[in-house]
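Scroll down for the structure; my scribbles are underneath it.
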Amino acid sequence: MVNGLSQLYRAANVMHNKMTDISITANNLANIDTIGYKRELPFAEVLSRLKNPQVKQITDFSEGEFIQTGNPLDLAISKNGFFMIKTDKGVQLTKNGHFKLTEDGGIVDTKGNPVITEGGDLNLLEYTLNKNNKIKISKEGEITVGKEVVDQLKIAKIDDPTTMVRENGGNFSFPNGGYSEASEDDYEIEQGYLEGSNTNAILEMEQMISMNKEYETAQKIIKAIDQQLAMAKEIGKV
């Protein structure tokens, strides 16, 4: 009886883990077109990559494909560099460099959150009124309008991924620290490009199929053990 209960517990634990893995994989697939999205690793992948599986959240920070757009405010950032965004919840880091210019000359993300620069509140209005003034952003993040350098993007790097909180849209926040200002060796910016999601649809679907099969197997084991325990209970009454 004790052995049967132990097997029942192990099978239930497998089902629980697989449900979590399926949810993570489904979210990865849902964000396959999200700019700068970094896929989460299912529990099985965490075990294969880490010596310590107790880490709460694991993110795959491998680079997605850089997609050329030609838009001067579309920026892709490589290596361990992240754009810094000022939100109502505080500073957030992101790989999503799909920025735009506001009517008053500020640079913001798709939600209207200001992009953080070294100079503080960036205002390009007086420079952009002249249509001949082109905005150029160097690989280091230096912002030039026409021939004049006006500011520089503030770039961060992640020091401790275990402290981060994943936010909507692929951003990351760090309530307890975990990031610092990046040096120029930590990143490289490509103007006129966006980084696509690093989710691979084929691999995610293969994982989804495998996880569903493992879930169904554990479900069958639980059903079989439950029947055996019921039979043992009936025999005990005789």
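Within each chain, counting starts at residue 1; across the structure tokens, chains are named A, B, ... in the order shown, with ligands numbered 1 upward in that order.
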
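Considering only segment 106-207 of chain A, backbone DSSP assigns helix (DSSP H, G or I) to A:Leu125, A:Glu126, A:Tyr127, A:Thr128, A:Pro161, A:Thr162, A:Thr163, A:Asn168, A:Gly169, A:Gly170, A:Glu184, A:Asp185, A:Asp186, A:Ala201, A:Ile202, A:Leu203, A:Glu204, A:Met205, A:Glu206, A:Gln207.
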
Okay, now the selection with C-alpha atoms, as a PDB file, in the first residue's frame?
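Saved result, out23.pdb, follows:
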```
ATOM      1  CA  LEU A 125      12.126  68.729 -30.984  1.00  0.00           C
ATOM      2  CA  GLU A 126      14.360  71.651 -31.862  1.00  0.00           C
ATOM      3  CA  TYR A 127      16.602  69.351 -33.891  1.00  0.00           C
ATOM      4  CA  THR A 128      13.872  67.423 -35.721  1.00  0.00           C
ATOM      5  CA  PRO A 161      19.176  36.866 -13.621  1.00  0.00           C
ATOM      6  CA  THR A 162      17.652  35.120 -10.580  1.00  0.00           C
ATOM      7  CA  THR A 163      16.512  38.473  -9.121  1.00  0.00           C
ATOM      8  CA  ASN A 168       4.494  42.099 -19.956  1.00  0.00           C
ATOM      9  CA  GLY A 169       5.951  42.713 -23.403  1.00  0.00           C
ATOM     10  CA  GLY A 170       9.267  41.051 -22.669  1.00  0.00           C
ATOM     11  CA  GLU A 184      30.858  49.479 -24.325  1.00  0.00           C
ATOM     12  CA  ASP A 185      32.319  45.940 -24.471  1.00  0.00           C
ATOM     13  CA  ASP A 186      29.041  44.493 -23.205  1.00  0.00           C
ATOM     14  CA  ALA A 201       8.345  27.340 -33.295  1.00  0.00           C
ATOM     15  CA  ILE A 202       9.397  23.865 -34.454  1.00  0.00           C
ATOM     16  CA  LEU A 203      11.367  23.077 -31.294  1.00  0.00           C
ATOM     17  CA  GLU A 204       8.580  24.421 -29.065  1.00  0.00           C
ATOM     18  CA  MET A 205       5.969  22.291 -30.859  1.00  0.00           C
ATOM     19  CA  GLU A 206       8.165  19.208 -30.557  1.00  0.00           C
ATOM     20  CA  GLN A 207       8.508  19.876 -26.839  1.00  0.00           C
TER      21      GLN A 207
END
```

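Closest to Leu41 of chain A among A:Leu29, A:Val91, A:Ile58, A:Leu75 is A:Ile58, based on only C-alpha atoms.
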
Report task. Mind checking which residues fall within 10 Å of Glu167 of chain A, counting only C-alpha atoms, ignoring those fewer than 3 positions away in the same chain, and posting them as number ranges by chain? Result -> A: 92-94, 164, 170-173

Atoms kept (N, CA, C and O atoms) for selection, written as a compact mmCIF listing (two decimals), in the first residue's frame:
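After the write, selection-v9.txt holds the following:
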```txt
# COMPACT_ATOMS: atom_id res chain seq x y z
N GLN A 92 12.82 49.50 -16.04
CA GLN A 92 12.77 48.16 -16.60
C GLN A 92 13.79 48.04 -17.73
O GLN A 92 14.13 49.02 -18.39
N LEU A 93 14.30 46.81 -17.92
CA LEU A 93 15.25 46.53 -18.99
C LEU A 93 14.54 45.79 -20.10
O LEU A 93 13.64 44.98 -19.85
N THR A 94 14.95 46.04 -21.33
CA THR A 94 14.29 45.39 -22.46
C THR A 94 15.24 45.24 -23.64
O THR A 94 16.21 45.99 -23.78
N MET A 164 15.44 38.84 -11.28
CA MET A 164 14.59 39.59 -12.20
C MET A 164 13.14 39.10 -12.16
O MET A 164 12.85 37.96 -11.81
N GLY A 170 7.88 41.47 -22.60
CA GLY A 170 9.27 41.05 -22.67
C GLY A 170 10.23 41.90 -21.88
O GLY A 170 11.45 41.74 -21.98
N ASN A 171 9.72 42.83 -21.07
CA ASN A 171 10.58 43.64 -20.22
C ASN A 171 10.94 42.88 -18.94
O ASN A 171 10.27 41.92 -18.56
N PHE A 172 11.99 43.35 -18.26
CA PHE A 172 12.41 42.75 -16.99
C PHE A 172 12.60 43.85 -15.96
O PHE A 172 13.17 44.90 -16.25
N SER A 173 12.10 43.60 -14.74
CA SER A 173 12.34 44.53 -13.63
C SER A 173 13.16 43.81 -12.57
O SER A 173 13.23 42.58 -12.53
```

Query raised in the report: Tell me, which residues of segment 83-218 of chain A carry DSSP strand (DSSP E), written as a count of residues only?
Result: 43

Using only C-alpha atoms, what does the table of segment 94-171 of chain A residues within 12 Å of segment 65-68 of chain A look like, with each row giving the shortest atom pair and its distance in Å to one decimal, sorted by chain and ascending number, as a tab-separated table?
```
residue	atom	partner	partner_atom	distance
A:Lys95	CA	A:Phe66	CA	11.3
A:Asn96	CA	A:Phe66	CA	11.3
A:Gly97	CA	A:Phe66	CA	11.2
A:His98	CA	A:Ile67	CA	11.4
```

Report task. Identify which of the residues A:Glu216, A:Ile225, A:Lys86, A:Ile22 lies closest to Tyr9 of chain A, counting only C-alpha atoms when measuring atom-to-atom distances. Result -> A:Ile225

Residues of segment 50-111 of chain A that have any atom at most 9 Å from an atom of segment 143-154 of chain A: could you tabulate them with the shortest-distance atom pair and the distance in Å to one decimal, using only C-alpha atoms, ordered by chain and increasing number, as JSON lines?
```
{"residue": "A:Phe82", "atom": "CA", "partner": "A:Lys154", "partner_atom": "CA", "distance": 8.9}
{"residue": "A:Phe83", "atom": "CA", "partner": "A:Lys154", "partner_atom": "CA", "distance": 7.0}
{"residue": "A:Met84", "atom": "CA", "partner": "A:Lys154", "partner_atom": "CA", "distance": 6.5}
```

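Taking only C-alpha atoms into account, Lys220 of chain A lies nearest to A:Ala12 out of the set A:Ile35, A:Glu142, A:Asn200, A:Ala12.
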